[in-house]
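One file, protein10.cif, carrying mmCIF, C-alpha atoms:
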data_coords
loop_
_atom_site.label_atom_id
_atom_site.label_comp_id
_atom_site.auth_asym_id
_atom_site.auth_seq_id
_atom_site.Cartn_x
_atom_site.Cartn_y
_atom_site.Cartn_z
CA MET A 157 90.88 6.79 -73.42
CA LYS A 158 87.22 7.60 -74.03
CA VAL A 159 84.51 5.86 -72.04
CA ASN A 160 81.56 4.54 -74.02
CA GLN A 161 78.50 6.75 -73.43
CA PHE A 162 76.20 3.74 -73.32
CA MET A 163 78.34 2.22 -70.57
CA LEU A 164 78.09 5.42 -68.54
CA PHE A 165 74.33 5.45 -69.02
CA GLY A 166 74.10 1.81 -67.92
CA ILE A 167 76.16 2.47 -64.78
CA PHE A 168 73.99 5.52 -64.00
CA PHE A 169 70.78 3.51 -64.53
CA ILE A 170 71.99 0.67 -62.29
CA GLY A 171 72.92 3.17 -59.60
CA ILE A 172 69.51 4.82 -59.76
CA SER A 173 67.74 1.42 -59.62
CA SER A 174 69.82 0.36 -56.63
CA LEU A 175 69.08 3.62 -54.85
CA SER A 176 65.34 3.40 -55.52
CA ALA A 177 65.27 -0.18 -54.22
CA GLN A 178 66.54 1.12 -50.87
CA GLU A 179 63.96 3.92 -50.64
CA LYS A 180 61.19 3.38 -48.16
CA THR A 181 57.62 2.92 -49.35
CA SER A 182 54.69 4.20 -47.34
CA LEU A 183 51.41 2.29 -47.34
CA THR A 184 48.30 3.06 -45.34
CA LEU A 185 46.66 0.15 -43.61
CA ASN A 186 43.73 0.31 -46.03
CA GLU A 187 46.08 0.21 -48.99
CA ALA A 188 48.01 -2.74 -47.57
CA ILE A 189 44.85 -4.77 -46.87
CA ASN A 190 43.31 -4.12 -50.28
CA LEU A 191 46.62 -5.00 -51.91
CA ALA A 192 46.64 -8.30 -50.02
CA TRP A 193 43.06 -8.99 -51.09
CA THR A 194 44.11 -8.45 -54.70
CA LYS A 195 47.44 -10.26 -54.82
CA SER A 196 47.79 -12.79 -52.02
CA ASN A 197 47.90 -16.46 -53.01
CA GLU A 198 45.35 -17.40 -50.36
CA VAL A 199 42.68 -15.03 -51.68
CA THR A 200 43.42 -16.02 -55.27
CA LEU A 201 42.99 -19.69 -54.38
CA ALA A 202 39.76 -18.97 -52.50
CA ASN A 203 38.33 -17.09 -55.49
CA THR A 204 39.33 -19.93 -57.81
CA LYS A 205 37.48 -22.42 -55.60
CA VAL A 206 34.38 -20.22 -55.78
CA LYS A 207 34.52 -20.32 -59.58
CA THR A 208 34.92 -24.10 -59.47
CA LYS A 209 31.77 -24.45 -57.36
CA LYS A 210 29.94 -22.12 -59.72
CA TYR A 211 30.81 -24.32 -62.70
CA GLU A 212 29.81 -27.44 -60.75
CA LEU A 213 26.44 -25.84 -60.04
CA GLN A 214 25.96 -24.98 -63.72
CA ALA A 215 26.90 -28.53 -64.72
CA THR A 216 24.28 -29.88 -62.30
CA LYS A 217 21.62 -27.56 -63.68
CA ASN A 218 22.37 -28.82 -67.18
CA ASN A 219 21.09 -32.26 -66.13
CA GLN A 220 17.50 -30.99 -66.18
CA TYR A 221 17.69 -30.13 -69.87
CA PRO A 222 16.95 -32.65 -72.69
CA ASP A 223 19.67 -34.92 -74.00
CA LEU A 224 19.93 -34.67 -77.77
CA LYS A 225 22.25 -37.04 -79.61
CA LEU A 226 23.00 -37.19 -83.32
CA SER A 227 24.80 -40.20 -84.75
CA GLY A 228 25.58 -41.47 -88.22
CA GLN A 229 27.32 -44.42 -89.84
CA TYR A 230 28.71 -45.16 -93.24
CA GLN A 231 29.88 -48.71 -93.93
CA ARG A 232 31.42 -50.05 -97.08
CA LEU A 233 30.38 -53.66 -97.70
CA ALA A 234 32.62 -56.11 -99.55
CA ASN A 235 30.47 -58.09 -102.02
CA ALA A 236 27.73 -58.86 -99.52
CA SER A 237 25.72 -61.98 -100.29
CA VAL A 238 21.99 -61.20 -100.26
CA ASP A 239 19.37 -63.95 -100.11
CA PHE A 240 15.75 -62.79 -100.07
CA LYS A 241 13.36 -65.28 -98.50
CA LEU A 242 10.28 -63.17 -99.19
CA ASN A 243 8.43 -62.79 -102.49
CA GLN A 244 10.54 -65.37 -104.30
CA ASN A 245 9.26 -66.64 -107.71
CA ASN A 246 7.62 -70.08 -107.13
CA SER A 247 8.51 -71.07 -110.63
CA GLY A 248 12.08 -71.36 -109.56
CA THR A 249 13.24 -68.89 -112.18
CA PRO A 250 16.51 -67.43 -110.97
CA GLN A 251 16.31 -63.74 -109.99
CA THR A 252 18.93 -61.10 -110.53
CA LEU A 253 20.14 -60.08 -107.06
CA PRO A 254 21.13 -56.48 -106.35
CA ILE A 255 24.72 -55.51 -105.63
CA VAL A 256 24.93 -54.46 -101.96
CA ASN A 257 28.16 -52.62 -101.25
CA GLN A 258 27.33 -49.82 -98.75
CA LEU A 259 25.18 -49.03 -95.73
CA MET A 260 24.28 -45.57 -94.38
CA ILE A 261 22.44 -44.93 -91.13
CA GLY A 262 21.53 -41.59 -89.50
CA GLN A 263 19.83 -41.21 -86.11
CA LEU A 264 18.65 -38.34 -83.93
CA ASN A 265 17.58 -39.30 -80.40
CA ALA A 266 16.14 -37.09 -77.69
CA SER A 267 15.39 -37.81 -74.03
CA VAL A 268 13.62 -35.39 -71.68
CA PRO A 269 13.79 -36.28 -67.96
CA VAL A 270 10.36 -36.11 -66.35
CA PHE A 271 10.89 -37.73 -62.98
CA SER A 272 14.03 -39.09 -61.34
CA GLY A 273 13.04 -39.42 -57.71
CA PHE A 274 13.69 -35.67 -57.23
CA LYS A 275 17.42 -36.31 -57.65
CA ILE A 276 18.01 -33.54 -60.18
CA GLN A 277 16.21 -30.86 -58.15
CA ASN A 278 17.93 -31.86 -54.92
CA SER A 279 21.32 -32.04 -56.66
CA ILE A 280 20.83 -28.44 -57.78
CA ILE A 281 19.85 -27.42 -54.23
CA ALA A 282 22.90 -29.20 -52.79
CA ASN A 283 25.30 -27.57 -55.24
CA GLU A 284 23.73 -24.14 -54.75
CA ASN A 285 24.39 -24.42 -51.03
CA LEU A 286 27.92 -25.67 -51.60
CA TYR A 287 28.49 -22.68 -53.88
CA GLN A 288 27.21 -20.32 -51.18
CA ALA A 289 29.39 -22.09 -48.62
CA GLU A 290 32.47 -21.62 -50.81
CA MET A 291 31.72 -17.91 -51.21
CA ALA A 292 31.42 -17.60 -47.43
CA THR A 293 34.73 -19.44 -47.04
CA ALA A 294 36.36 -17.01 -49.48
CA SER A 295 35.05 -14.10 -47.41
CA GLN A 296 36.46 -15.73 -44.27
CA THR A 297 39.80 -16.05 -46.03
CA LYS A 298 39.74 -12.31 -46.70
CA GLU A 299 39.07 -11.70 -42.99
CA GLU A 300 42.04 -13.85 -42.02
CA ILE A 301 44.35 -12.20 -44.55
CA ALA A 302 43.26 -8.73 -43.38
CA LEU A 303 44.02 -9.62 -39.77
CA ARG A 304 47.42 -11.03 -40.77
CA VAL A 305 48.25 -7.78 -42.55
CA ILE A 306 47.16 -5.81 -39.47
CA ASP A 307 49.39 -7.92 -37.22
CA TYR A 308 52.40 -7.43 -39.50
CA TYR A 309 51.57 -3.76 -39.94
CA ALA A 310 51.27 -3.12 -36.19
CA SER A 311 54.41 -5.15 -35.45
CA LEU A 312 56.32 -3.19 -38.08
CA TYR A 313 55.13 0.09 -36.56
CA LYS A 314 56.11 -1.07 -33.05
CA ALA A 315 59.58 -2.02 -34.27
CA GLN A 316 60.03 1.33 -36.02
CA LYS A 317 58.97 3.29 -32.94
CA THR A 318 61.19 1.19 -30.68
CA ILE A 319 64.18 1.81 -32.94
CA GLU A 320 63.41 5.53 -32.99
CA LEU A 321 63.31 5.74 -29.19
CA LEU A 322 66.35 3.52 -28.77
CA LYS A 323 68.38 5.72 -31.10
CA GLU A 324 67.38 8.82 -29.15
CA ASN A 325 68.37 7.15 -25.91
CA GLN A 326 71.55 5.85 -27.48
CA LYS A 327 72.64 9.41 -28.23
CA SER A 328 72.30 10.43 -24.61
CA ALA A 329 73.98 7.19 -23.47
CA LYS A 330 76.97 7.81 -25.74
CA GLN A 331 77.20 11.39 -24.56
CA ARG A 332 77.11 10.20 -20.94
CA VAL A 333 80.00 7.83 -21.69
CA LYS A 334 82.02 10.72 -23.12
CA ASP A 335 81.26 12.87 -20.08
CA PHE A 336 82.15 10.05 -17.70
CA ILE A 337 85.44 9.46 -19.48
CA GLU A 338 86.43 13.08 -18.77
CA LEU A 339 85.14 12.88 -15.20
CA GLU A 340 87.06 9.64 -14.62
CA LYS A 341 90.25 11.18 -16.03
CA ASN A 342 89.91 14.07 -13.59
CA GLY A 343 89.26 11.69 -10.71
CA ILE A 344 85.78 13.01 -10.08
CA ILE A 345 84.07 9.62 -10.48
CA PRO A 346 85.41 6.11 -9.98
CA ARG A 347 86.22 3.92 -12.96
CA ASN A 348 83.39 1.60 -11.95
CA ASP A 349 80.82 4.31 -12.80
CA LEU A 350 82.38 4.73 -16.25
CA LEU A 351 82.13 0.98 -16.86
CA LYS A 352 78.48 1.01 -15.81
CA SER A 353 77.69 3.78 -18.31
CA LYS A 354 79.52 1.86 -21.06
CA LEU A 355 77.62 -1.30 -20.14
CA GLN A 356 74.32 0.53 -20.46
CA ALA A 357 75.32 1.88 -23.89
CA SER A 358 76.21 -1.66 -24.97
CA LYS A 359 72.85 -2.96 -23.79
CA ILE A 360 71.08 -0.27 -25.81
CA GLN A 361 73.10 -1.26 -28.88
CA LEU A 362 72.14 -4.90 -28.39
CA SER A 363 68.45 -3.98 -28.10
CA LEU A 364 68.78 -1.82 -31.20
CA ASP A 365 70.37 -4.64 -33.20
CA GLU A 366 67.73 -7.14 -32.09
CA THR A 367 64.88 -4.77 -32.94
CA ASN A 368 66.42 -4.03 -36.34
CA ASN A 369 66.59 -7.75 -36.99
CA ASN A 370 62.91 -8.15 -36.07
CA LEU A 371 62.06 -5.18 -38.28
CA LYS A 372 63.71 -6.79 -41.31
CA ILE A 373 61.96 -10.12 -40.71
CA ILE A 374 58.51 -8.55 -40.31
CA ASN A 375 59.10 -6.31 -43.32
CA PHE A 376 59.97 -9.37 -45.43
CA TYR A 377 56.84 -11.20 -44.24
CA LEU A 378 54.63 -8.28 -45.17
CA VAL A 379 56.13 -7.50 -48.60
CA THR A 380 55.96 -11.22 -49.43
CA LEU A 381 52.29 -11.32 -48.50
CA LEU A 382 51.62 -8.20 -50.58
CA LYS A 383 53.66 -9.54 -53.54
CA LEU A 384 55.97 -6.52 -53.53
CA ASN A 385 59.62 -6.42 -54.47
CA PRO A 386 61.55 -8.30 -51.74
CA ASP A 387 63.90 -5.30 -51.46
CA THR A 388 61.02 -2.95 -50.64
CA LYS A 389 61.40 -1.21 -47.30
CA LEU A 390 58.01 -0.34 -45.86
CA GLU A 391 57.53 2.66 -43.61
CA ILE A 392 54.39 2.82 -41.48
CA ARG A 393 52.68 6.18 -41.30
CA GLU A 394 52.06 7.72 -37.91
CA ASP A 395 48.63 8.86 -39.12
CA ASP A 396 47.30 5.29 -39.03
CA PHE A 397 47.83 5.16 -35.27
CA ALA A 398 47.45 8.75 -34.13
CA ASP A 399 43.87 9.94 -33.49
CA PHE A 400 42.48 6.55 -34.47
CA GLN A 401 38.76 6.24 -33.73
CA MET A 402 37.40 2.93 -32.49
CA THR A 403 33.63 2.70 -33.02
CA ASN A 404 30.87 0.06 -32.92
CA ILE A 405 32.80 -2.04 -30.44
CA PRO A 406 31.11 -5.45 -29.92
CA ILE A 407 30.14 -6.28 -26.34
CA ASN A 408 28.92 -9.88 -26.81
CA GLU A 409 28.92 -12.80 -29.25
CA LEU A 410 25.69 -11.90 -31.08
CA PRO A 411 27.42 -10.03 -33.96
CA ALA A 412 29.77 -12.99 -34.40
CA LEU A 413 26.92 -15.50 -34.65
CA GLU A 414 25.34 -13.29 -37.32
CA ASN A 415 28.40 -12.26 -39.29
CA ARG A 416 31.06 -14.96 -39.03
CA LYS A 417 31.60 -16.33 -42.52
CA ASP A 418 33.07 -19.65 -41.38
CA LEU A 419 29.88 -20.26 -39.40
CA GLU A 420 27.80 -19.22 -42.40
CA ALA A 421 29.76 -21.64 -44.60
CA ILE A 422 29.12 -24.59 -42.31
CA ARG A 423 25.40 -23.74 -42.20
CA PHE A 424 25.25 -23.87 -45.99
CA GLN A 425 27.10 -27.19 -45.87
CA GLY A 426 24.38 -28.45 -43.54
CA LYS A 427 21.69 -27.50 -46.05
CA ALA A 428 23.66 -29.28 -48.77
CA SER A 429 23.85 -32.39 -46.57
CA GLU A 430 20.07 -32.32 -46.11
CA ALA A 431 19.68 -32.24 -49.88
CA ASN A 432 22.11 -35.17 -50.20
CA ILE A 433 19.85 -37.24 -47.93
CA LYS A 434 16.95 -36.60 -50.30
CA ILE A 435 19.16 -37.51 -53.26
CA ALA A 436 20.01 -40.84 -51.62
CA LYS A 437 16.34 -41.54 -50.93
CA GLY A 438 15.55 -40.72 -54.56
CA SER A 439 16.97 -44.10 -55.62
CA TYR A 440 13.85 -45.75 -54.18
CA TYR A 441 11.81 -44.22 -57.02
CA PRO A 442 11.76 -45.10 -60.75
CA ALA A 443 13.15 -42.78 -63.39
CA ILE A 444 10.77 -41.62 -66.12
CA ALA A 445 11.68 -39.80 -69.30
CA ILE A 446 10.02 -38.87 -72.61
CA ILE A 447 12.01 -40.29 -75.50
CA GLY A 448 11.86 -39.61 -79.20
CA GLY A 449 13.92 -40.00 -82.30
CA TYR A 450 14.36 -39.91 -86.03
CA THR A 451 16.06 -42.57 -88.14
CA ALA A 452 17.16 -42.65 -91.78
CA LEU A 453 18.62 -45.78 -93.39
CA ASP A 454 19.90 -46.65 -96.81
CA LEU A 455 21.15 -50.12 -97.81
CA SER A 456 22.28 -49.66 -101.37
CA ASN A 457 20.02 -51.24 -103.98
CA VAL A 458 17.99 -52.99 -101.26
CA ILE A 459 16.09 -50.71 -98.92
CA THR A 460 15.73 -47.04 -98.06
CA VAL A 461 14.01 -45.85 -94.89
CA GLN A 462 13.13 -42.15 -94.42
CA ASN A 463 11.15 -40.17 -91.83
CA ALA A 464 11.16 -43.04 -89.35
CA MET A 465 10.10 -41.00 -86.32
CA ASN A 466 9.30 -42.35 -82.87
CA ILE A 467 8.12 -40.97 -79.54
CA GLY A 468 7.29 -42.63 -76.26
CA VAL A 469 7.93 -42.93 -72.57
CA GLY A 470 10.90 -44.67 -70.99
CA ILE A 471 10.96 -45.97 -67.45
CA SER A 472 13.74 -47.59 -65.45
CA TYR A 473 13.76 -48.91 -61.93
CA ASP A 474 16.73 -50.28 -60.03
CA LEU A 475 15.21 -53.12 -58.01
CA SER A 476 18.45 -53.75 -56.14
CA ALA A 477 18.17 -50.25 -54.64
CA ILE A 478 15.41 -51.52 -52.37
CA LEU A 479 18.00 -53.63 -50.56
CA LYS A 480 21.23 -51.67 -51.12
CA ASN A 481 20.18 -48.03 -50.88
CA GLY A 482 19.46 -48.06 -47.15
CA THR A 483 23.19 -47.90 -46.43
CA LEU A 484 23.63 -44.87 -48.70
CA VAL A 485 20.73 -43.10 -46.97
CA ARG A 486 22.20 -43.75 -43.52
CA LEU A 487 25.61 -42.57 -44.79
CA ALA A 488 24.10 -39.27 -45.97
CA GLU A 489 22.24 -38.86 -42.68
CA ASN A 490 25.43 -39.43 -40.70
CA LYS A 491 27.29 -36.82 -42.76
CA PHE A 492 24.51 -34.38 -41.95
CA LEU A 493 24.98 -35.15 -38.24
CA GLU A 494 28.72 -34.53 -38.63
CA VAL A 495 28.03 -31.08 -40.05
CA GLN A 496 25.58 -30.32 -37.23
CA ASN A 497 28.15 -31.34 -34.61
CA SER A 498 30.83 -29.28 -36.35
CA GLU A 499 28.51 -26.26 -36.30
CA ALA A 500 27.90 -26.71 -32.55
CA ILE A 501 31.65 -26.98 -31.88
CA LEU A 502 32.42 -23.92 -33.99
CA THR A 503 29.66 -21.92 -32.27
CA ASP A 504 31.14 -22.65 -28.85
CA TYR A 505 34.64 -21.82 -30.11
CA ILE A 506 33.43 -18.50 -31.53
CA LYS A 507 31.88 -17.59 -28.16
CA ILE A 508 35.21 -18.31 -26.46
CA GLN A 509 37.10 -16.29 -29.08
CA VAL A 510 34.78 -13.30 -28.69
CA HIS A 511 34.98 -13.39 -24.89
CA LYS A 512 38.77 -13.50 -24.98
CA ALA A 513 38.96 -10.71 -27.58
CA ILE A 514 36.70 -8.46 -25.49
CA GLU A 515 38.82 -9.06 -22.40
CA ASP A 516 42.06 -8.48 -24.36
CA TYR A 517 40.70 -5.23 -25.77
CA ASP A 518 39.62 -3.99 -22.32
CA LEU A 519 43.04 -4.90 -20.95
CA ALA A 520 44.76 -3.00 -23.77
CA LEU A 521 42.70 0.11 -22.94
CA LYS A 522 43.65 -0.12 -19.28
CA GLN A 523 47.31 -0.69 -20.13
CA ASN A 524 47.27 2.33 -22.44
CA THR A 525 46.04 4.53 -19.57
CA VAL A 526 48.58 3.10 -17.13
CA TYR A 527 51.47 3.48 -19.59
CA GLU A 528 50.61 7.12 -20.17
CA GLU A 529 50.70 7.78 -16.44
CA ALA A 530 53.87 5.69 -16.03
CA GLN A 531 55.63 7.67 -18.75
CA GLU A 532 54.90 10.94 -16.97
CA GLN A 533 56.05 9.47 -13.68
CA ALA A 534 59.24 8.01 -15.15
CA THR A 535 60.11 11.32 -16.84
CA GLU A 536 59.63 13.23 -13.61
CA ASN A 537 61.54 10.58 -11.67
CA PHE A 538 64.52 10.86 -14.05
CA ARG A 539 64.50 14.64 -13.72
CA ILE A 540 64.58 14.41 -9.93
CA VAL A 541 67.29 11.74 -9.87
CA LYS A 542 69.35 13.72 -12.39
CA ASP A 543 69.17 16.82 -10.20
CA LYS A 544 70.18 14.75 -7.17
CA TYR A 545 73.05 13.18 -9.11
CA ASP A 546 74.29 16.57 -10.28
CA ASN A 547 74.23 17.71 -6.67
CA GLY A 548 75.92 14.57 -5.36
CA LEU A 549 72.83 13.27 -3.58
CA SER A 550 72.45 10.04 -5.64
CA ASP A 551 74.88 7.65 -7.25
CA THR A 552 75.38 6.39 -10.79
CA ASN A 553 73.25 3.32 -10.20
CA ASP A 554 70.24 5.50 -9.40
CA LEU A 555 70.84 7.64 -12.50
CA LEU A 556 71.19 4.72 -14.89
CA GLU A 557 68.22 2.90 -13.39
CA ALA A 558 66.04 6.01 -13.73
CA ASP A 559 67.21 6.39 -17.34
CA VAL A 560 66.27 2.77 -18.16
CA GLU A 561 62.86 3.19 -16.53
CA GLN A 562 62.27 6.35 -18.55
CA LEU A 563 63.22 4.60 -21.78
CA ASN A 564 60.97 1.62 -21.03
CA SER A 565 58.08 3.90 -20.20
CA GLN A 566 58.54 5.82 -23.45
CA ILE A 567 58.56 2.59 -25.46
CA ASN A 568 55.54 1.19 -23.61
CA LYS A 569 53.56 4.38 -24.15
CA ALA A 570 54.44 4.51 -27.86
CA LEU A 571 53.47 0.88 -28.40
CA ALA A 572 50.35 0.88 -26.20
CA LYS A 573 48.27 2.80 -28.75
CA ALA A 574 49.24 0.44 -31.56
CA ASN A 575 48.51 -2.54 -29.32
CA THR A 576 45.05 -1.16 -28.51
CA ILE A 577 44.26 -0.70 -32.21
CA GLN A 578 45.53 -4.21 -32.92
CA LYS A 579 43.26 -5.68 -30.23
CA TYR A 580 40.35 -3.63 -31.60
CA TYR A 581 40.82 -5.14 -35.05
CA GLU A 582 41.14 -8.62 -33.54
CA LEU A 583 37.79 -8.05 -31.83
CA LEU A 584 36.26 -7.00 -35.14
CA SER A 585 37.76 -10.09 -36.77
CA VAL A 586 36.35 -12.63 -34.31
CA THR A 587 32.90 -11.00 -34.67
CA GLY A 588 33.07 -11.12 -38.49
CA GLN A 589 33.13 -7.36 -39.02
CA LEU A 590 36.71 -6.70 -40.06
CA SER A 591 36.26 -6.82 -43.84
CA GLN A 592 33.11 -4.70 -43.58
CA SER A 593 35.00 -1.91 -41.83
CA PHE A 594 37.63 -1.71 -44.55
CA ASN A 595 35.08 -2.02 -47.36
CA LEU A 596 33.21 0.95 -45.88
CA ALA A 597 36.46 2.83 -45.51
CA GLN A 598 37.05 2.54 -49.25
CA LYS A 599 33.68 4.06 -50.26
#
Representation of the structure as structure tokens:
Amino acid sequence: MKVNQFMLFGIFFIGISSLSAQEKTSLTLNEAINLAWTKSNEVTLANTKVKTKKYELQATKNNQYPDLKLSGQYQRLANASVDFKLNQNNSGTPQTLPIVNQLMIGQLNASVPVFSGFKIQNSIIANENLYQAEMATASQTKEEIALRVIDYYASLYKAQKTIELLKENQKSAKQRVKDFIELEKNGIIPRNDLLKSKLQASKIQLSLDETNNNLKIINFYLVTLLKLNPDTKLEIREDDFADFQMTNIPINELPALENRKDLEAIRFQGKASEANIKIAKGSYYPAIAIIGGYTALDLSNVITVQNAMNIGVGISYDLSAILKNGTLVRLAENKFLEVQNSEAILTDYIKIQVHKAIEDYDLALKQNTVYEEAQEQATENFRIVKDKYDNGLSDTNDLLEADVEQLNSQINKALAKANTIQKYYELLSVTGQLSQSFNLAQK
């Protein structure tokens, strides 16, 4: 029985697709962050809000331009009765009245605002500042997304390194179990020592399973944020963490007060609130505009009007505003005070954030140094204990404990560098310099 060639090709294609889905994908940290800036829902939403504010600003600017309206009417009249009171014949001789059966009117009206209590100008200023505030908020969103990618990226790297070290240790643990089985059979060691070695191997397997589970969860978080295929397996490159240079490290809150985009956004909102106060006060003034128009009229068989042009000045004044507008002014002033208070709160919070980030970064540097020394000490300690054990000068408990300490020290040393880099980026983030560093890296 012959197999259809197309079926074989389909099976081969499905197999290749399934295999490629399991292949690991490498992304540098720069690539991951720029991918998030391009595809993440948060950044897309922030950019959309910026465009909305831009259109609102343009719509406000359009209010300063003349209003030009063209209108026309055509009406069909059903046997209208016309009775002229003017110029009638005193003799009483009946006149032949015209047949009036249609009416046509065309009008063109223009209005140019001259003065509106400075409302138009201040509305433009308010919307310009709101537009700037939205752009600053979008930049802050990029900072937050970049830091989230860094956290996932570093966590993924830590999980990968932990799994790598656990697997290496697992090999030696399994080999120790095999050796102990033979030693226990020959009566060289008690069964209790064999059980202890098996227990340690089980604990390593449990740690390996738990770390693998964390790896899968973090990987899913990151590929979801980057809008990649959910089956994508990311592999973090060692180059992003080896020989990493940390420069321009902030030492106080001054860079944050200059660069933080959320603080910049609230300052622009304050300027918009000031403009809103002026808008509210503008209701105390009259509105003046230059008006003009053109009218054409034709009442069939009765009258025709052409070139009826007009021009003049229109003025309107809301007298009730004298009594009512005070509340609106106080409302606008209170909103301005709210923004000022929010700015003061955010400034204090930023100072706290920066102080904590500096301390966390310094601690990470110290821990990195200690972990390097501890790893050397744990390695030497295991060598000494192993020699003693081989010579019958220490027991199994000492050997297994020294092995665990060596494994922990290896993991701590491997993760300490990544943790230091993570704290460095957090420090850049709270001082508003994270996006700048990656933008420069792309040039």
Apply the PyMOL selection byres ((chain A and resi 227) around 7) to the displayed file and report the matching residues as a ChimeraX atom specification. /A:225-226,228,262-264
Applying 12 Å and only C-alpha atoms, which residues near Ser593 in chain A remain after dropping the ones on its own chain fewer than 5 positions away? List them as number ranges by chain. A: 185-186, 189, 299, 302, 402-405, 580-581, 584-585, 587-588, 598-599
Write out, as a short mmCIF file (atom, residue, chain, number, x, y, z; two decimals), keeping the file's coordinate frame, the residues just selected, with C-alpha atoms.
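Resulting contents of part24.cif:
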data_model
loop_
_atom_site.label_atom_id
_atom_site.label_comp_id
_atom_site.auth_asym_id
_atom_site.auth_seq_id
_atom_site.Cartn_x
_atom_site.Cartn_y
_atom_site.Cartn_z
CA LEU A 185 46.66 0.15 -43.61
CA ASN A 186 43.73 0.31 -46.03
CA ILE A 189 44.85 -4.77 -46.87
CA GLU A 299 39.07 -11.70 -42.99
CA ALA A 302 43.26 -8.73 -43.38
CA MET A 402 37.40 2.93 -32.49
CA THR A 403 33.63 2.70 -33.02
CA ASN A 404 30.87 0.06 -32.92
CA ILE A 405 32.80 -2.04 -30.44
CA TYR A 580 40.35 -3.63 -31.60
CA TYR A 581 40.82 -5.14 -35.05
CA LEU A 584 36.26 -7.00 -35.14
CA SER A 585 37.76 -10.09 -36.77
CA THR A 587 32.90 -11.00 -34.67
CA GLY A 588 33.07 -11.12 -38.49
CA GLN A 598 37.05 2.54 -49.25
CA LYS A 599 33.68 4.06 -50.26
#
Quick one: apply the PyMOL selection byres ((chain A and resi 446) around 7) to the file and drop the selected residues here as a ChimeraX atom specification. /A:267-270,445,447-448,468-470
Using C-alpha atoms, can you export the residues from the last selection as a PDB file, in the frame of the given file?
ATOM      1  CA  SER A 267      15.390 -37.810 -74.030  1.00  0.00           C
ATOM      2  CA  VAL A 268      13.620 -35.390 -71.680  1.00  0.00           C
ATOM      3  CA  PRO A 269      13.790 -36.280 -67.960  1.00  0.00           C
ATOM      4  CA  VAL A 270      10.360 -36.110 -66.350  1.00  0.00           C
ATOM      5  CA  ALA A 445      11.680 -39.800 -69.300  1.00  0.00           C
ATOM      6  CA  ILE A 447      12.010 -40.290 -75.500  1.00  0.00           C
ATOM      7  CA  GLY A 448      11.860 -39.610 -79.200  1.00  0.00           C
ATOM      8  CA  GLY A 468       7.290 -42.630 -76.260  1.00  0.00           C
ATOM      9  CA  VAL A 469       7.930 -42.930 -72.570  1.00  0.00           C
ATOM     10  CA  GLY A 470      10.900 -44.670 -70.990  1.00  0.00           C
TER      11      GLY A 470
END
Given only C-alpha atoms as the basis, pick out the residue of A:Gln592, A:Thr216, A:Gln326, A:Gln331 nearest to Ala357 in chain A. A:Gln326
State, in Å with one decimal place, the distance from CA of Ala215 in chain A to CA of Ser279 in chain A.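 Computing the Euclidean distance for CA of Ala215 in chain A and CA of Ser279 in chain A yields 10.4 Å.
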Please evaluate the PyMOL selection byres ((chain A and resi 533-540) around 7) against the structure above and give the resulting residues as JSON, numbers by chain. {"A": [529, 530, 531, 532, 541, 542, 543, 544, 558, 559, 561, 562, 565]}
Can you pull out the residues contacting Phe424 in chain A? Cut-off 12 Å, using all atoms listed in the file, and skip same-chain residues under 6 positions away; I want them as an mmCIF file with C-alpha atoms, in the frame of the given file.
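File produced: out20.cif:
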data_model
loop_
_atom_site.group_PDB
_atom_site.id
_atom_site.type_symbol
_atom_site.label_atom_id
_atom_site.label_comp_id
_atom_site.auth_asym_id
_atom_site.auth_seq_id
_atom_site.Cartn_x
_atom_site.Cartn_y
_atom_site.Cartn_z
ATOM 1 C CA ILE A 281 19.850 -27.420 -54.230
ATOM 2 C CA ALA A 282 22.900 -29.200 -52.790
ATOM 3 C CA ASN A 283 25.300 -27.570 -55.240
ATOM 4 C CA GLU A 284 23.730 -24.140 -54.750
ATOM 5 C CA ASN A 285 24.390 -24.420 -51.030
ATOM 6 C CA LEU A 286 27.920 -25.670 -51.600
ATOM 7 C CA TYR A 287 28.490 -22.680 -53.880
ATOM 8 C CA GLN A 288 27.210 -20.320 -51.180
ATOM 9 C CA ALA A 289 29.390 -22.090 -48.620
ATOM 10 C CA GLU A 290 32.470 -21.620 -50.810
ATOM 11 C CA MET A 291 31.720 -17.910 -51.210
ATOM 12 C CA ALA A 292 31.420 -17.600 -47.430
ATOM 13 C CA THR A 293 34.730 -19.440 -47.040
ATOM 14 C CA LYS A 417 31.600 -16.330 -42.520
ATOM 15 C CA ASP A 418 33.070 -19.650 -41.380
ATOM 16 C CA GLU A 430 20.070 -32.320 -46.110
ATOM 17 C CA ALA A 431 19.680 -32.240 -49.880
ATOM 18 C CA PHE A 492 24.510 -34.380 -41.950
ATOM 19 C CA VAL A 495 28.030 -31.080 -40.050
ATOM 20 C CA GLN A 496 25.580 -30.320 -37.230
ATOM 21 C CA GLU A 499 28.510 -26.260 -36.300
#
Do a neighbour search on Gly449 in chain A at 6 Å with all atoms listed in the file, toss out local chain neighbours closer than 3 positions, and write the hits as a PyMOL selection string. chain A and resi 264-266+465-466
d(CA of Asp365 in chain A, CA of Lys327 in chain A) in Å: 15.1 Å
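The interatomic distance for the pair CA of Leu475 in chain A and CA of Ile433 in chain A works out to 19.4 Å.
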Might you pull out every residue within 9 Å of Gln356 in chain A, with only C-alpha atoms counted and same-chain residues fewer than 4 positions away left off, and present them as a VMD selection string? chain A and resid 329 351 to 352 360 to 361 556 560
With distances taken over only C-alpha atoms, which of A:Tyr450, A:Ser476, A:Ile577, A:Ile506 is nearest to Ala464 in chain A?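 Smallest distance to Ala464 in chain A is found for A:Tyr450.
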